[in-house]
Amino acid sequence: MAHVQLFGNEPYQPYNRVQLSALLAGEINRDALDIPLPSSCEKPNFSYIVSVIRHINTATKTVTDADGREHGFDILVIATGARAHVPSIPGVDRSGVYTFRNLKDAEFLSARVVRSRHIVVVGGGLLGLEAAKGLLRFNTRVTVIQQGPRLMNRQLSDEAAGRLQEQVETLGIRVIVDAGVRKIQGDQTIQSVLTNDGDIIECDTVLLCAGIKPNVELARAAGISVATGITVNDQLQTSHPDIYAIGECCEHRGLTYGLVTPGFEQATVAAEVICNGRAHYVGSQVASRLKVILSKPPLQQR
Ligand SMILES: Cc1cc2nc3c(=O)[nH]c(=O)nc-3n(C[C@H](O)[C@H](O)[C@H](O)COP(=O)(O)OP(=O)(O)OC[C@H]3O[C@@H](n4cnc5c(N)ncnc54)[C@H](O)[C@@H]3O)c2cc1C
């Protein structure tokens, strides 16, 4: 029986990232996020190790963790995901600028929203809108600034986006479309953002939800082919036949996905190929659902 070692660099057991917006909105508690792992009694051949993998050696077929320990492999699956894209806007490194990708981000944002008066969310896509709704607590004002011509411009037509904008505004979120952020302004603290149109929006917090960047550095440093993501064939193999890549870090037929379903489909195919030698991934149909925007915010007072 093969031994399966799972490495994760976040200091907790795996959790449901999709539910982070619900956590931010106060609709669920932290415990509801946990994804249970098999116990050593159930699956003695499985182990989960909290550690950063720093290096892949394709010649010796080993990975090295942050403590310098080497772990050998017959097959390696890279599933390093993606991180928030941080646009190069002047002022983006000020304190008070946040991203929303992991549990730590959600915890920082939850603490911030209690004392924030006005938060600007940069990006009117799926994540920006879910975050905006989640932040609409404790009487905090929220403004979404979308560079594209309409909300969720990749998924929605003008008409559908117009209706969505009405719904979002009904919740009390201000929406500004067709206007990127040129600068984040302030001294010790954030005071405002300057839009490309020259408008100044006063705020004390900025949340960047401007897309994602696949985590490809580990693969690239190991000499594995990388384009936008780690390039894989229909068997989810990288340029090294014993190394696979799945999820948001990989690129298949020129496409990277930012959703869970393609990742699950890729994982199923990769597992089938690894165990039985045959299966094909031909790409995924994508359908995204805005989870929280239509429900009412929880009643909470500052
Ligand atoms: C708030 C939020 C809401 C979302 N909602 C939806 C939704 O409703 N529907 C949907 O389809 N998608 C949603 N997504 C996107 C979805 O979460 C991702 O598509 C999915 O998590 C990608 O899975 P993954 O395994 O590829 O990457 P990840 O979930 O990012 O997992 C990769 C893990 O690998 C770790 N890692 C990276 N490098 C290393 C290393 N060197 N060593 C060890 N560990 C490492 C990372 O820290 C991370 O824990 C949402 C995302 C967010 C942030």
# chains A, B, ... in the order shown; residues from 1 in each chain; ligands from 1
>>> residues_around(residues="segment 250-255 of chain A", least_positions_apart="3", cutoff="8 Å", atoms="only C-alpha atoms", output="PyMOL selection string")
chain A and resi 79+214+227-234+236+245-247+283
>>> select_by_dssp(residues="segment 38-251 of chain A", states="alpha helix (DSSP H)", output="ChimeraX atom specification")
/A:103-115,126-135,158-170,217-221
>>> write_last_selection(atoms="N, CA and C atoms", output="compact mmCIF listing (two decimals), in the first residue's frame")
# COMPACT_ATOMS: atom_id res chain seq x y z
N LEU A 103 -7.31 31.93 6.10
CA LEU A 103 -7.95 32.10 7.40
C LEU A 103 -7.33 33.26 8.19
N LYS A 104 -6.02 33.39 8.06
CA LYS A 104 -5.35 34.50 8.76
C LYS A 104 -5.89 35.83 8.26
N ASP A 105 -6.04 35.96 6.92
CA ASP A 105 -6.60 37.19 6.35
C ASP A 105 -7.99 37.45 6.92
N ALA A 106 -8.80 36.39 6.98
CA ALA A 106 -10.19 36.53 7.47
C ALA A 106 -10.18 37.00 8.92
N GLU A 107 -9.24 36.46 9.71
CA GLU A 107 -9.18 36.86 11.13
C GLU A 107 -8.73 38.31 11.25
N PHE A 108 -7.74 38.72 10.45
CA PHE A 108 -7.29 40.13 10.49
C PHE A 108 -8.44 41.05 10.09
N LEU A 109 -9.15 40.67 9.03
CA LEU A 109 -10.24 41.53 8.54
C LEU A 109 -11.37 41.60 9.55
N SER A 110 -11.67 40.48 10.20
CA SER A 110 -12.75 40.46 11.20
C SER A 110 -12.41 41.42 12.34
N ALA A 111 -11.13 41.46 12.71
CA ALA A 111 -10.72 42.36 13.79
C ALA A 111 -10.77 43.81 13.29
N ARG A 112 -10.37 44.02 12.07
CA ARG A 112 -10.30 45.38 11.52
C ARG A 112 -11.68 46.02 11.37
N VAL A 113 -12.63 45.20 10.93
CA VAL A 113 -13.95 45.75 10.59
C VAL A 113 -14.64 46.36 11.81
N VAL A 114 -14.28 45.85 12.99
CA VAL A 114 -14.91 46.36 14.22
C VAL A 114 -14.59 47.84 14.41
N ARG A 115 -13.35 48.25 14.05
CA ARG A 115 -12.99 49.66 14.29
C ARG A 115 -12.95 50.50 13.02
N LEU A 126 -16.30 38.17 -8.06
CA LEU A 126 -16.94 37.27 -7.08
C LEU A 126 -16.41 37.50 -5.66
N LEU A 127 -15.10 37.49 -5.53
CA LEU A 127 -14.50 37.59 -4.20
C LEU A 127 -14.73 38.97 -3.60
N GLY A 128 -14.57 40.03 -4.42
CA GLY A 128 -14.75 41.39 -3.91
C GLY A 128 -16.17 41.59 -3.38
N LEU A 129 -17.15 41.06 -4.10
CA LEU A 129 -18.54 41.26 -3.68
C LEU A 129 -18.85 40.46 -2.42
N GLU A 130 -18.32 39.22 -2.37
CA GLU A 130 -18.56 38.42 -1.17
C GLU A 130 -17.89 39.06 0.05
N ALA A 131 -16.69 39.58 -0.17
CA ALA A 131 -15.98 40.23 0.94
C ALA A 131 -16.74 41.49 1.37
N ALA A 132 -17.21 42.26 0.39
CA ALA A 132 -17.93 43.50 0.70
C ALA A 132 -19.14 43.20 1.57
N LYS A 133 -19.86 42.18 1.20
CA LYS A 133 -21.04 41.80 2.00
C LYS A 133 -20.61 41.36 3.41
N GLY A 134 -19.52 40.59 3.47
CA GLY A 134 -19.04 40.12 4.77
C GLY A 134 -18.59 41.26 5.68
N LEU A 135 -18.11 42.34 5.06
CA LEU A 135 -17.58 43.46 5.85
C LEU A 135 -18.66 44.45 6.29
N ASP A 158 -24.23 42.96 -19.50
CA ASP A 158 -24.54 44.29 -18.97
C ASP A 158 -25.82 44.26 -18.14
N GLU A 159 -26.85 43.58 -18.69
CA GLU A 159 -28.16 43.60 -18.03
C GLU A 159 -28.08 42.89 -16.67
N ALA A 160 -27.47 41.69 -16.68
CA ALA A 160 -27.39 40.92 -15.43
C ALA A 160 -26.55 41.67 -14.40
N ALA A 161 -25.45 42.28 -14.87
CA ALA A 161 -24.59 43.01 -13.94
C ALA A 161 -25.33 44.23 -13.37
N GLY A 162 -26.17 44.85 -14.19
CA GLY A 162 -26.95 46.00 -13.73
C GLY A 162 -27.90 45.59 -12.61
N ARG A 163 -28.53 44.43 -12.81
CA ARG A 163 -29.45 43.95 -11.76
C ARG A 163 -28.70 43.59 -10.49
N LEU A 164 -27.55 42.95 -10.68
CA LEU A 164 -26.75 42.60 -9.50
C LEU A 164 -26.34 43.87 -8.75
N GLN A 165 -25.94 44.89 -9.50
CA GLN A 165 -25.51 46.14 -8.86
C GLN A 165 -26.65 46.73 -8.01
N GLU A 166 -27.88 46.65 -8.58
CA GLU A 166 -29.03 47.15 -7.79
C GLU A 166 -29.15 46.40 -6.47
N GLN A 167 -29.03 45.07 -6.55
CA GLN A 167 -29.13 44.24 -5.34
C GLN A 167 -28.04 44.61 -4.34
N VAL A 168 -26.85 44.77 -4.86
CA VAL A 168 -25.71 45.07 -3.98
C VAL A 168 -25.93 46.43 -3.32
N GLU A 169 -26.41 47.39 -4.10
CA GLU A 169 -26.64 48.72 -3.54
C GLU A 169 -27.78 48.71 -2.52
N THR A 170 -28.76 47.83 -2.75
CA THR A 170 -29.86 47.71 -1.79
C THR A 170 -29.34 47.29 -0.41
N GLU A 217 6.30 29.15 -8.00
CA GLU A 217 7.74 29.37 -7.79
C GLU A 217 8.49 28.07 -7.47
N LEU A 218 7.85 27.22 -6.64
CA LEU A 218 8.48 25.95 -6.25
C LEU A 218 8.76 25.10 -7.48
N ALA A 219 7.78 25.02 -8.37
CA ALA A 219 7.92 24.22 -9.59
C ALA A 219 8.95 24.85 -10.52
N ARG A 220 8.86 26.17 -10.67
CA ARG A 220 9.79 26.85 -11.59
C ARG A 220 11.24 26.63 -11.14
N ALA A 221 11.48 26.77 -9.84
CA ALA A 221 12.85 26.61 -9.32
C ALA A 221 13.36 25.18 -9.54
>>> atom_distance(atom1="atom 16 (C, counted along the ligand's line) of ligand 1", atom2="atom CA of Val282 of chain A")
20.1 Å
>>> closest_residue(among="A:Gly211, A:Pro36, A:Pro87, A:Lys43", to="Gly124 of chain A", atoms="only C-alpha atoms")
A:Gly211
>>> closest_residue(among="A:Ser40, A:Gln13, A:Cys249, A:Arg94", to="Pro262 of chain A", atoms="only C-alpha atoms")
A:Cys249
>>> residues_around(residues="segment 175-182 of chain A", least_positions_apart="4", cutoff="7 Å", atoms="only C-alpha atoms", output="CSV table (one decimal) with N, CA and C atoms, in the first residue's frame")
chain,number,residue,atom,x,y,z
A,89,ILE,N,-0.2,49.6,-7.1
A,89,ILE,CA,-0.8,50.9,-6.9
A,89,ILE,C,0.1,51.6,-5.9
A,143,THR,N,-17.5,50.5,0.2
A,143,THR,CA,-17.5,50.9,-1.2
A,143,THR,C,-16.7,49.9,-2.1
A,144,VAL,N,-17.3,49.4,-3.2
A,144,VAL,CA,-16.6,48.6,-4.1
A,144,VAL,C,-16.2,49.4,-5.3
A,145,ILE,N,-14.9,49.3,-5.6
A,145,ILE,CA,-14.5,50.0,-6.8
A,145,ILE,C,-14.0,49.0,-7.8
A,146,GLN,N,-14.7,49.0,-9.0
A,146,GLN,CA,-14.5,48.0,-10.0
A,146,GLN,C,-13.9,48.7,-11.2
A,147,GLN,N,-12.7,48.2,-11.6
A,147,GLN,CA,-12.0,48.7,-12.8
A,147,GLN,C,-12.8,48.4,-14.1
A,148,GLY,N,-13.4,47.2,-14.2
A,148,GLY,CA,-14.1,46.8,-15.4
A,148,GLY,C,-15.4,47.6,-15.6
A,149,PRO,N,-16.0,47.5,-16.7
A,149,PRO,CA,-17.2,48.3,-17.0
A,149,PRO,C,-18.5,47.9,-16.2
A,150,ARG,N,-18.4,46.7,-15.5
A,150,ARG,CA,-19.6,46.3,-14.7
A,150,ARG,C,-19.1,45.3,-13.7
A,169,GLU,N,-26.4,47.4,-4.1
A,169,GLU,CA,-26.6,48.7,-3.5
A,169,GLU,C,-27.8,48.7,-2.5
A,193,VAL,N,-8.7,56.9,-1.1
A,193,VAL,CA,-8.1,56.4,-2.4
A,193,VAL,C,-8.5,57.4,-3.5
A,194,LEU,N,-7.6,57.5,-4.4
A,194,LEU,CA,-7.8,58.3,-5.6
A,194,LEU,C,-8.1,57.4,-6.7
A,195,THR,N,-9.3,57.7,-7.4
A,195,THR,CA,-9.6,56.8,-8.5
A,195,THR,C,-9.0,57.3,-9.8
A,196,ASN,N,-9.0,56.5,-10.8
A,196,ASN,CA,-8.5,56.9,-12.1
A,196,ASN,C,-9.3,58.2,-12.7
A,197,ASP,N,-10.5,58.3,-12.2
A,197,ASP,CA,-11.3,59.5,-12.7
A,197,ASP,C,-11.0,60.8,-11.9
>>> atom_distance(atom1="atom 7 (C, counted along the ligand's line) of ligand 1", atom2="atom CA of Ser288 of chain A")
6.8 Å
>>> residues_around(residues="Asn57 of chain A", least_positions_apart="2", cutoff="12 Å", atoms="only C-alpha atoms", output="MDAnalysis selection string")
chainID A and resid 53:55 59:65 70:73 76 218:224 240 242:243
>>> residues_around(residues="Gly26 of chain A", least_positions_apart="2", cutoff="9 Å", atoms="only C-alpha atoms", output="PyMOL selection string")
chain A and resi 21-24+28-29+110+134+137+297-298
>>> residues_around(residues="Ile274 of chain A", least_positions_apart="5", cutoff="12 Å", atoms="only C-alpha atoms", output="PyMOL selection string")
chain A and resi 2+74-77+235-237+241-244+267-269+279-280
>>> select_by_dssp(residues="segment 133-209 of chain A", states="strand (DSSP E)", output="list in words")
Arg141, Val142, Thr143, Val144, Ile145, Arg174, Val175, Ile176, Val181, Arg182, Lys183, Ile184, Gln185, Gly186, Ile190, Gln191, Ser192, Val193, Leu194, Thr195, Ile200, Ile201, Glu202, Thr205, Val206, Leu207 and Leu208 of chain A
>>> write_last_selection(atoms="N, CA, C and O atoms", output="mmCIF file, in the first residue's frame")
data_model
loop_
_atom_site.group_PDB
_atom_site.id
_atom_site.type_symbol
_atom_site.label_atom_id
_atom_site.label_comp_id
_atom_site.auth_asym_id
_atom_site.auth_seq_id
_atom_site.Cartn_x
_atom_site.Cartn_y
_atom_site.Cartn_z
ATOM 1 N N ARG A 141 -19.146 51.417 6.648
ATOM 2 C CA ARG A 141 -19.534 51.668 5.254
ATOM 3 C C ARG A 141 -18.602 50.909 4.324
ATOM 4 O O ARG A 141 -17.403 50.791 4.604
ATOM 5 N N VAL A 142 -19.135 50.413 3.219
ATOM 6 C CA VAL A 142 -18.315 49.649 2.272
ATOM 7 C C VAL A 142 -18.560 50.189 0.862
ATOM 8 O O VAL A 142 -19.708 50.360 0.448
ATOM 9 N N THR A 143 -17.457 50.462 0.166
ATOM 10 C CA THR A 143 -17.538 50.892 -1.237
ATOM 11 C C THR A 143 -16.732 49.913 -2.076
ATOM 12 O O THR A 143 -15.594 49.591 -1.739
ATOM 13 N N VAL A 144 -17.341 49.428 -3.159
ATOM 14 C CA VAL A 144 -16.630 48.552 -4.090
ATOM 15 C C VAL A 144 -16.222 49.381 -5.302
ATOM 16 O O VAL A 144 -17.063 50.047 -5.914
ATOM 17 N N ILE A 145 -14.931 49.337 -5.628
ATOM 18 C CA ILE A 145 -14.460 50.042 -6.829
ATOM 19 C C ILE A 145 -14.037 48.996 -7.844
ATOM 20 O O ILE A 145 -13.148 48.177 -7.586
ATOM 21 N N ARG A 174 -21.878 50.813 -1.583
ATOM 22 C CA ARG A 174 -21.739 51.738 -2.717
ATOM 23 C C ARG A 174 -20.896 51.048 -3.798
ATOM 24 O O ARG A 174 -19.892 50.391 -3.474
ATOM 25 N N VAL A 175 -21.311 51.204 -5.045
ATOM 26 C CA VAL A 175 -20.575 50.564 -6.140
ATOM 27 C C VAL A 175 -20.130 51.635 -7.129
ATOM 28 O O VAL A 175 -20.934 52.460 -7.571
ATOM 29 N N ILE A 176 -18.838 51.593 -7.461
ATOM 30 C CA ILE A 176 -18.314 52.499 -8.493
ATOM 31 C C ILE A 176 -17.690 51.614 -9.562
ATOM 32 O O ILE A 176 -16.763 50.852 -9.266
ATOM 33 N N VAL A 181 -8.355 52.141 -9.092
ATOM 34 C CA VAL A 181 -7.742 52.949 -8.032
ATOM 35 C C VAL A 181 -6.340 53.349 -8.479
ATOM 36 O O VAL A 181 -5.534 52.512 -8.838
ATOM 37 N N ARG A 182 -6.074 54.660 -8.470
ATOM 38 C CA ARG A 182 -4.771 55.156 -8.924
ATOM 39 C C ARG A 182 -3.777 55.231 -7.764
ATOM 40 O O ARG A 182 -2.595 55.031 -7.937
ATOM 41 N N LYS A 183 -4.278 55.516 -6.568
ATOM 42 C CA LYS A 183 -3.374 55.730 -5.439
ATOM 43 C C LYS A 183 -4.111 55.499 -4.120
ATOM 44 O O LYS A 183 -5.303 55.825 -4.017
ATOM 45 N N ILE A 184 -3.393 54.946 -3.149
ATOM 46 C CA ILE A 184 -3.938 54.830 -1.788
ATOM 47 C C ILE A 184 -3.227 55.901 -0.967
ATOM 48 O O ILE A 184 -1.998 55.901 -0.873
ATOM 49 N N GLN A 185 -3.995 56.838 -0.392
ATOM 50 C CA GLN A 185 -3.390 58.047 0.179
ATOM 51 C C GLN A 185 -3.496 58.077 1.699
ATOM 52 O O GLN A 185 -4.405 57.471 2.271
ATOM 53 N N GLY A 186 -2.554 58.775 2.328
ATOM 54 C CA GLY A 186 -2.555 58.939 3.782
ATOM 55 C C GLY A 186 -1.150 59.111 4.291
ATOM 56 O O GLY A 186 -0.192 59.071 3.514
ATOM 57 N N ILE A 190 -4.385 55.185 6.482
ATOM 58 C CA ILE A 190 -5.008 55.447 5.181
ATOM 59 C C ILE A 190 -6.098 56.507 5.348
ATOM 60 O O ILE A 190 -6.900 56.430 6.281
ATOM 61 N N GLN A 191 -6.097 57.463 4.457
ATOM 62 C CA GLN A 191 -7.134 58.494 4.529
ATOM 63 C C GLN A 191 -8.104 58.430 3.358
ATOM 64 O O GLN A 191 -9.261 58.793 3.484
ATOM 65 N N SER A 192 -7.626 57.986 2.209
ATOM 66 C CA SER A 192 -8.510 57.963 1.039
ATOM 67 C C SER A 192 -7.878 57.149 -0.078
ATOM 68 O O SER A 192 -6.694 56.823 -0.025
ATOM 69 N N VAL A 193 -8.695 56.858 -1.102
ATOM 70 C CA VAL A 193 -8.137 56.353 -2.361
ATOM 71 C C VAL A 193 -8.501 57.355 -3.462
ATOM 72 O O VAL A 193 -9.551 57.996 -3.418
ATOM 73 N N LEU A 194 -7.577 57.451 -4.399
ATOM 74 C CA LEU A 194 -7.793 58.327 -5.554
ATOM 75 C C LEU A 194 -8.128 57.422 -6.735
ATOM 76 O O LEU A 194 -7.361 56.497 -7.047
ATOM 77 N N THR A 195 -9.258 57.665 -7.382
ATOM 78 C CA THR A 195 -9.634 56.802 -8.516
ATOM 79 C C THR A 195 -9.003 57.344 -9.804
ATOM 80 O O THR A 195 -8.542 58.487 -9.854
ATOM 81 N N ILE A 200 -11.838 61.368 -5.073
ATOM 82 C CA ILE A 200 -11.189 60.966 -3.818
ATOM 83 C C ILE A 200 -12.260 60.324 -2.927
ATOM 84 O O ILE A 200 -13.285 60.954 -2.633
ATOM 85 N N ILE A 201 -12.039 59.075 -2.572
ATOM 86 C CA ILE A 201 -12.996 58.368 -1.705
ATOM 87 C C ILE A 201 -12.338 58.228 -0.336
ATOM 88 O O ILE A 201 -11.349 57.509 -0.185
ATOM 89 N N GLU A 202 -12.890 58.921 0.651
ATOM 90 C CA GLU A 202 -12.293 58.831 1.991
ATOM 91 C C GLU A 202 -12.536 57.460 2.585
ATOM 92 O O GLU A 202 -13.635 56.899 2.452
ATOM 93 N N THR A 205 -9.560 51.862 5.405
ATOM 94 C CA THR A 205 -9.126 50.489 5.145
ATOM 95 C C THR A 205 -9.339 50.192 3.671
ATOM 96 O O THR A 205 -10.344 50.638 3.094
ATOM 97 N N VAL A 206 -8.398 49.455 3.084
ATOM 98 C CA VAL A 206 -8.549 49.045 1.680
ATOM 99 C C VAL A 206 -8.377 47.533 1.612
ATOM 100 O O VAL A 206 -7.435 46.983 2.184
ATOM 101 N N LEU A 207 -9.295 46.878 0.939
ATOM 102 C CA LEU A 207 -9.180 45.430 0.745
ATOM 103 C C LEU A 207 -8.993 45.159 -0.748
ATOM 104 O O LEU A 207 -9.819 45.558 -1.572
ATOM 105 N N LEU A 208 -7.888 44.484 -1.065
ATOM 106 C CA LEU A 208 -7.589 44.185 -2.475
ATOM 107 C C LEU A 208 -8.197 42.841 -2.869
ATOM 108 O O LEU A 208 -7.828 41.803 -2.313
#
